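Asker: Quick one: this structure, given as structure tokens, is what I'll be asking you about.
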Amino acid sequence: MYRFLLSRQWVILTLVALVLVPTMIELGFWQFHRHEHRVAQNALIEDSIAAKPVPVEELTSPGHTVPRTDYWRRVTATGTFDTAHEVVVRRRTSADDRVGVHVLTPLVLRDGRVVLVNRGWVPAAADQHAYPAVPPAPRGEITVTGRLKADETTGASGIKDLKGLPDRQVMLISSRQQAELIGREVLGGYLEQIAPAPANDTPEPIAEPDHDSIGSHMAYAVQWWLFAAGVPVGWVILVRREKHDRQAARASDVPGSPQDDTEPVEAAPSR
């Protein structure tokens, strides 16, 4: 009755179904893990932003790699801005997706060490080789409050660290690179400045990271699992339909079947 399952067509169809089911299940778990990661990251951001600010020296030091558990932690740093070693970070977008640069200014702490401060976004110069118009940093000693971030890398950000850029322009925020340029010890990571607010809102402050949306990963996971469940159901439906069609075809070929029982009607004799 089911010998047709051994045909080449049905063997291939069955193998495809056997491959699709575990693949779709795995894709569902992949989306589910992305959902879990997003939920955990949102919780981390929310907790870090809500935490009481601590001195930056408590969480990082020269050469230190900021761990994920300290991302977005609010910290304070007191010192004097070193505008002579200020640089801009190319190809950065504003809150409304305009392309420009971030202003990265070293803050010299009281002990002589330095922490990098991302003061915010400004438009890029019309000429990419020119240094953009950057509002001056406050003079004198100042206490900055900011969100702690880790040094940027090409692997984590996808941004290539291009060489041969114009003077005082960089692609990535790296405490190690800036330590070589400044000639001082630079604390690992950098700060996204929150306070004090810049005059006339320029540079434009970096927006608080989103920690409310969770995306569609869970919905995608459920979809993949439904697809995986649908494959064997569809296979069974196709098998039953093939069986029915073959039985109907066989019945039509059997002598004495209903199609063959009708006798021809004799024509009436002509007069």
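Order determines the names: the first chain of the structure tokens is A, the second B, and so forth; residues in each chain are numbered 1 upward, and ligands are numbered 1 upward as they are shown.
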Quick one: everything within 9 Å of Met218 (chain A), counting only C-alpha atoms, minus sequence neighbours fewer than 2 positions away in the same chain. Send it as an mmCIF file with N, CA and C atoms, in the first residue's frame.

Answerer:
```
data_model
loop_
_atom_site.group_PDB
_atom_site.id
_atom_site.type_symbol
_atom_site.label_atom_id
_atom_site.label_comp_id
_atom_site.auth_asym_id
_atom_site.auth_seq_id
_atom_site.Cartn_x
_atom_site.Cartn_y
_atom_site.Cartn_z
ATOM 1 N N GLY A 28 14.565 28.301 15.734
ATOM 2 C CA GLY A 28 13.672 28.801 16.779
ATOM 3 C C GLY A 28 14.411 29.048 18.083
ATOM 4 N N GLN A 31 16.570 32.214 17.833
ATOM 5 C CA GLN A 31 15.797 33.433 18.068
ATOM 6 C C GLN A 31 15.404 33.555 19.544
ATOM 7 N N PHE A 32 15.109 32.438 20.174
ATOM 8 C CA PHE A 32 14.744 32.469 21.596
ATOM 9 C C PHE A 32 15.915 32.945 22.449
ATOM 10 N N HIS A 33 17.126 32.476 22.132
ATOM 11 C CA HIS A 33 18.304 32.915 22.891
ATOM 12 C C HIS A 33 18.568 34.406 22.651
ATOM 13 N N ARG A 34 18.315 34.881 21.423
ATOM 14 C CA ARG A 34 18.448 36.320 21.164
ATOM 15 C C ARG A 34 17.438 37.113 21.999
ATOM 16 N N HIS A 35 16.247 36.580 22.144
ATOM 17 C CA HIS A 35 15.237 37.223 22.993
ATOM 18 C C HIS A 35 15.715 37.284 24.445
ATOM 19 N N GLU A 36 16.245 36.172 24.938
ATOM 20 C CA GLU A 36 16.748 36.145 26.316
ATOM 21 C C GLU A 36 17.880 37.146 26.504
ATOM 22 N N ILE A 214 11.920 44.915 23.215
ATOM 23 C CA ILE A 214 12.542 43.591 23.230
ATOM 24 C C ILE A 214 12.587 42.984 21.840
ATOM 25 N N GLY A 215 12.127 43.715 20.826
ATOM 26 C CA GLY A 215 12.198 43.221 19.468
ATOM 27 C C GLY A 215 11.199 42.106 19.199
ATOM 28 N N SER A 216 11.370 41.447 18.065
ATOM 29 C CA SER A 216 10.430 40.407 17.615
ATOM 30 C C SER A 216 11.026 39.011 17.684
ATOM 31 N N TYR A 220 9.503 35.404 16.272
ATOM 32 C CA TYR A 220 10.192 34.631 15.241
ATOM 33 C C TYR A 220 10.460 33.204 15.713
ATOM 34 N N ALA A 221 10.806 33.043 16.997
ATOM 35 C CA ALA A 221 11.059 31.708 17.537
ATOM 36 C C ALA A 221 9.801 30.845 17.439
ATOM 37 N N VAL A 222 8.668 31.408 17.832
ATOM 38 C CA VAL A 222 7.410 30.662 17.773
ATOM 39 C C VAL A 222 7.076 30.305 16.324
ATOM 40 N N GLN A 223 7.322 31.227 15.403
ATOM 41 C CA GLN A 223 7.064 30.945 13.990
ATOM 42 C C GLN A 223 7.891 29.768 13.487
#
```

Asker: Using only C-alpha atoms, determine which residues lie at most 12 Å from Ala43 (chain A), disregarding the query and same-chain residues fewer than 3 positions distant; provide the list as a ChimeraX atom specification.

Answerer: /A:36-40,46-50,69,71-72,209-214

Asker: For the selection you just gave me, I'd like the residues written to a file as a compact mmCIF listing (two decimals), in the first residue's frame, keeping all heavy atoms.

Answerer:
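Here's the written file out.txt:
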```
# COMPACT_ATOMS: atom_id res chain seq x y z
N GLU A 36 16.24 36.17 24.94
CA GLU A 36 16.75 36.15 26.32
C GLU A 36 17.88 37.15 26.50
O GLU A 36 17.97 37.83 27.53
CB GLU A 36 17.23 34.74 26.67
CG GLU A 36 16.12 33.73 26.87
CD GLU A 36 16.65 32.40 27.36
OE1 GLU A 36 17.70 31.94 26.83
OE2 GLU A 36 16.05 31.82 28.28
N HIS A 37 18.79 37.21 25.50
CA HIS A 37 19.91 38.15 25.57
C HIS A 37 19.40 39.60 25.63
O HIS A 37 19.91 40.41 26.40
CB HIS A 37 20.83 37.97 24.37
CG HIS A 37 21.93 38.97 24.29
ND1 HIS A 37 23.06 38.92 25.10
CD2 HIS A 37 22.09 40.08 23.50
CE1 HIS A 37 23.85 39.94 24.81
NE2 HIS A 37 23.28 40.65 23.85
N ARG A 38 18.40 39.91 24.81
CA ARG A 38 17.85 41.26 24.79
C ARG A 38 17.20 41.60 26.13
O ARG A 38 17.38 42.72 26.65
CB ARG A 38 16.84 41.39 23.65
CG ARG A 38 16.27 42.80 23.47
CD ARG A 38 17.37 43.78 23.07
NE ARG A 38 16.82 45.10 22.85
CZ ARG A 38 16.41 45.55 21.66
NH1 ARG A 38 16.47 44.75 20.60
NH2 ARG A 38 15.94 46.76 21.53
N VAL A 39 16.46 40.66 26.69
CA VAL A 39 15.82 40.90 27.99
C VAL A 39 16.88 41.14 29.08
O VAL A 39 16.76 42.05 29.89
CB VAL A 39 14.91 39.72 28.36
CG1 VAL A 39 14.42 39.85 29.80
CG2 VAL A 39 13.71 39.65 27.41
N ALA A 40 17.93 40.31 29.06
CA ALA A 40 19.00 40.46 30.07
C ALA A 40 19.73 41.79 29.89
O ALA A 40 20.07 42.46 30.87
CB ALA A 40 19.98 39.30 29.96
N GLU A 46 18.97 49.05 32.58
CA GLU A 46 18.07 49.71 33.54
C GLU A 46 18.71 49.78 34.92
O GLU A 46 18.67 50.82 35.58
CB GLU A 46 16.75 48.96 33.59
CG GLU A 46 15.71 49.61 34.49
CD GLU A 46 14.37 48.89 34.44
OE1 GLU A 46 14.26 47.87 33.73
OE2 GLU A 46 13.42 49.36 35.11
N ASP A 47 19.32 48.66 35.36
CA ASP A 47 19.96 48.65 36.69
C ASP A 47 21.16 49.59 36.73
O ASP A 47 21.38 50.28 37.74
CB ASP A 47 20.39 47.23 37.04
CG ASP A 47 19.21 46.29 37.26
OD1 ASP A 47 18.08 46.79 37.46
OD2 ASP A 47 19.42 45.06 37.21
N SER A 48 21.94 49.62 35.65
CA SER A 48 23.14 50.46 35.63
C SER A 48 22.77 51.94 35.65
O SER A 48 23.41 52.74 36.35
CB SER A 48 23.98 50.15 34.38
OG SER A 48 24.45 48.82 34.40
N ILE A 49 21.74 52.30 34.90
CA ILE A 49 21.33 53.70 34.85
C ILE A 49 20.73 54.14 36.17
O ILE A 49 20.91 55.30 36.60
CB ILE A 49 20.34 53.91 33.69
CG1 ILE A 49 21.05 53.74 32.35
CG2 ILE A 49 19.68 55.29 33.76
CD1 ILE A 49 20.14 53.81 31.15
N ALA A 50 20.03 53.23 36.85
CA ALA A 50 19.38 53.57 38.11
C ALA A 50 20.35 53.58 39.28
O ALA A 50 20.05 54.15 40.34
CB ALA A 50 18.24 52.60 38.38
N THR A 69 29.24 43.76 32.82
CA THR A 69 28.45 44.07 34.02
C THR A 69 28.56 45.53 34.43
O THR A 69 27.71 46.02 35.18
CB THR A 69 28.89 43.18 35.19
OG1 THR A 69 30.33 43.29 35.36
CG2 THR A 69 28.53 41.72 34.93
N TYR A 71 28.88 48.03 32.03
CA TYR A 71 28.44 48.90 30.94
C TYR A 71 27.31 49.80 31.43
O TYR A 71 26.41 49.36 32.13
CB TYR A 71 27.92 48.07 29.76
CG TYR A 71 28.99 47.44 28.89
CD1 TYR A 71 30.31 47.36 29.31
CD2 TYR A 71 28.66 46.91 27.65
CE1 TYR A 71 31.27 46.77 28.51
CE2 TYR A 71 29.62 46.31 26.84
CZ TYR A 71 30.93 46.24 27.28
OH TYR A 71 31.88 45.65 26.50
N TRP A 72 27.38 51.06 31.01
CA TRP A 72 26.36 52.07 31.28
C TRP A 72 26.26 52.46 32.76
O TRP A 72 25.33 53.18 33.13
CB TRP A 72 24.99 51.63 30.77
CG TRP A 72 24.95 51.34 29.31
CD1 TRP A 72 24.99 52.23 28.28
CD2 TRP A 72 24.91 50.06 28.69
NE1 TRP A 72 24.97 51.59 27.07
CE2 TRP A 72 24.91 50.26 27.29
CE3 TRP A 72 24.84 48.75 29.20
CZ2 TRP A 72 24.87 49.20 26.39
CZ3 TRP A 72 24.79 47.70 28.30
CH2 TRP A 72 24.81 47.94 26.92
N PRO A 209 20.62 54.70 26.23
CA PRO A 209 20.37 53.47 25.46
C PRO A 209 18.96 52.94 25.70
O PRO A 209 18.41 53.06 26.79
CB PRO A 209 21.43 52.50 26.00
CG PRO A 209 21.78 53.03 27.35
CD PRO A 209 21.67 54.52 27.25
N ASP A 210 18.39 52.38 24.64
CA ASP A 210 17.03 51.83 24.72
C ASP A 210 17.04 50.59 25.60
O ASP A 210 17.84 49.67 25.39
CB ASP A 210 16.54 51.49 23.31
CG ASP A 210 15.19 50.79 23.33
OD1 ASP A 210 14.41 51.05 24.26
OD2 ASP A 210 14.93 49.98 22.42
N HIS A 211 16.15 50.56 26.59
CA HIS A 211 16.05 49.37 27.44
C HIS A 211 14.59 48.98 27.68
O HIS A 211 14.25 48.34 28.68
CB HIS A 211 16.76 49.60 28.78
CG HIS A 211 16.29 50.83 29.52
ND1 HIS A 211 15.21 50.81 30.37
CD2 HIS A 211 16.76 52.09 29.52
CE1 HIS A 211 15.04 52.03 30.88
NE2 HIS A 211 15.96 52.82 30.38
N ASP A 212 13.72 49.39 26.76
CA ASP A 212 12.29 49.06 26.87
C ASP A 212 11.85 48.05 25.82
O ASP A 212 11.09 47.13 26.12
CB ASP A 212 11.44 50.33 26.73
CG ASP A 212 11.65 51.30 27.90
OD1 ASP A 212 11.82 50.81 29.03
OD2 ASP A 212 11.68 52.52 27.66
N SER A 213 12.28 48.21 24.59
CA SER A 213 11.83 47.31 23.53
C SER A 213 12.60 45.99 23.60
O SER A 213 13.76 45.95 24.00
CB SER A 213 12.05 47.96 22.16
OG SER A 213 13.42 48.19 21.92
N ILE A 214 11.92 44.92 23.21
CA ILE A 214 12.54 43.59 23.23
C ILE A 214 12.59 42.98 21.84
O ILE A 214 13.04 41.85 21.67
CB ILE A 214 11.80 42.63 24.19
CG1 ILE A 214 10.33 42.49 23.78
CG2 ILE A 214 11.94 43.08 25.63
CD1 ILE A 214 9.58 41.45 24.60
```

Asker: With distances taken over only C-alpha atoms, which residue among A:Arg92, A:Lys52, A:Arg110, A:Arg3 lies nearest Val170 (chain A)?

Answerer: A:Arg92

Asker: Check which residues of region 192-228 of chain A sit at most 12 Å from region 147-166 of chain A using only C-alpha atoms, and return one row each with the closest pair of atoms and their distance in Å to one decimal, ordered by chain and rising number, as a tab-separated table.

Answerer:
```
residue	atom	partner	partner_atom	distance
A:Glu192	CA	A:Arg147	CA	5.0
A:Gln193	CA	A:Arg147	CA	6.7
A:Ile194	CA	A:Arg147	CA	7.2
A:Ala195	CA	A:Arg147	CA	10.1
A:Pro205	CA	A:Arg147	CA	11.6
A:Ile206	CA	A:Arg147	CA	9.8
A:Ala207	CA	A:Arg147	CA	10.7
A:Glu208	CA	A:Arg147	CA	9.0
A:Pro209	CA	A:Arg147	CA	10.0
```

Asker: Quick one: DSSP alpha helix (DSSP H) residues in region 100-247 of chain A, as a ChimeraX atom specification?

Answerer: /A:154-157,175-182,217-247

Asker: Between A:Leu18, A:Arg8, A:Arg250, A:Leu59, single out the one closest to Gly189 (chain A), counting only C-alpha atoms.

Answerer: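 That would be A:Leu59, the residue with the smallest distance to Gly189 (chain A).
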
Asker: Have a look at A:Ser175, A:Thr80, A:Gln128, A:Thr14 and name the one nearest to Val99 (chain A); count only C-alpha atoms.

Answerer: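 Of A:Ser175, A:Thr80, A:Gln128, A:Thr14, the one nearest Val99 (chain A) is A:Gln128, counting only C-alpha atoms.
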
Asker: With distances taken over only C-alpha atoms, which residue among A:Thr60, A:Ser7, A:Asn42, A:Thr145 lies nearest Arg113 (chain A)?

Answerer: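 Answer, going by the shortest atom-to-atom distance: A:Thr60.
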
Asker: Using only C-alpha atoms, which of A:Val117, A:Met24, A:Leu187, A:Val144 sits nearest Val75 (chain A)?

Answerer: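 Counting only C-alpha atoms, the residue closest to Val75 (chain A) is A:Val144.
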
Asker: Neighbours of Thr202 (chain A) within 9 Å (only C-alpha atoms; same-chain residues fewer than 5 positions away dropped), as an mmCIF file with N, CA and C atoms, in the first residue's frame?

Answerer:
```cif
data_model
loop_
_atom_site.group_PDB
_atom_site.id
_atom_site.type_symbol
_atom_site.label_atom_id
_atom_site.label_comp_id
_atom_site.auth_asym_id
_atom_site.auth_seq_id
_atom_site.Cartn_x
_atom_site.Cartn_y
_atom_site.Cartn_z
ATOM 1 N N ARG A 119 31.819 63.878 24.604
ATOM 2 C CA ARG A 119 30.972 65.023 24.948
ATOM 3 C C ARG A 119 29.702 65.086 24.109
ATOM 4 N N GLY A 120 29.631 64.322 23.004
ATOM 5 C CA GLY A 120 28.412 64.314 22.222
ATOM 6 C C GLY A 120 28.659 64.429 20.737
ATOM 7 N N TRP A 121 27.579 64.686 20.007
ATOM 8 C CA TRP A 121 27.590 64.666 18.539
ATOM 9 C C TRP A 121 27.557 66.075 17.962
ATOM 10 N N VAL A 122 28.331 66.271 16.896
ATOM 11 C CA VAL A 122 28.270 67.517 16.120
ATOM 12 C C VAL A 122 28.311 67.159 14.642
ATOM 13 N N VAL A 134 33.760 72.517 16.535
ATOM 14 C CA VAL A 134 33.457 71.858 17.800
ATOM 15 C C VAL A 134 33.332 72.909 18.895
ATOM 16 N N PRO A 135 32.227 72.955 19.618
ATOM 17 C CA PRO A 135 32.095 73.889 20.729
ATOM 18 C C PRO A 135 33.180 73.641 21.771
ATOM 19 N N ALA A 197 25.045 69.649 31.420
ATOM 20 C CA ALA A 197 24.508 69.776 30.069
ATOM 21 C C ALA A 197 25.293 70.827 29.297
#
```

Asker: Which distance in Å separates CA of Glu57 (chain A) and CA of Met171 (chain A), to one decimal?

Answerer: 25.8 Å

Asker: Please compute the CA of His85 (chain A)-CA of Asp167 (chain A) distance, one decimal, in Å.

Answerer: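 Between CA of His85 (chain A) and CA of Asp167 (chain A) the gap works out to 10.7 Å.
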
Asker: Using the chain letters and numbers from this document, which residues of region 50-244 of chain A does DSSP assign to strand (DSSP E), as a PyMOL selection string?

Answerer: chain A and resi 54-55+74-81+87-93+99-109+114-123+142-149+169-170+186-195

Asker: Using only C-alpha atoms, can you tell me which of A:Asn200, A:Gly100, A:Gly146, A:Trp235 comes closest to Ala126 (chain A)?

Answerer: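 Smallest distance to Ala126 (chain A) is found for A:Gly100.
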
Asker: At a cut-off of 6 Å, using only C-alpha atoms, what residues contact Gly188 (chain A)? Leave out same-chain residues fewer than 4 positions from it and give the result as JSON, numbers by chain.

Answerer: {"A": [60, 61, 62, 63, 64, 65, 175]}

Asker: What gap, in Å, lies between CA of Val16 (chain A) and CA of Pro232 (chain A)?

Answerer: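 So the two atoms, CA of Val16 (chain A) and CA of Pro232 (chain A), lie 10.9 Å apart.
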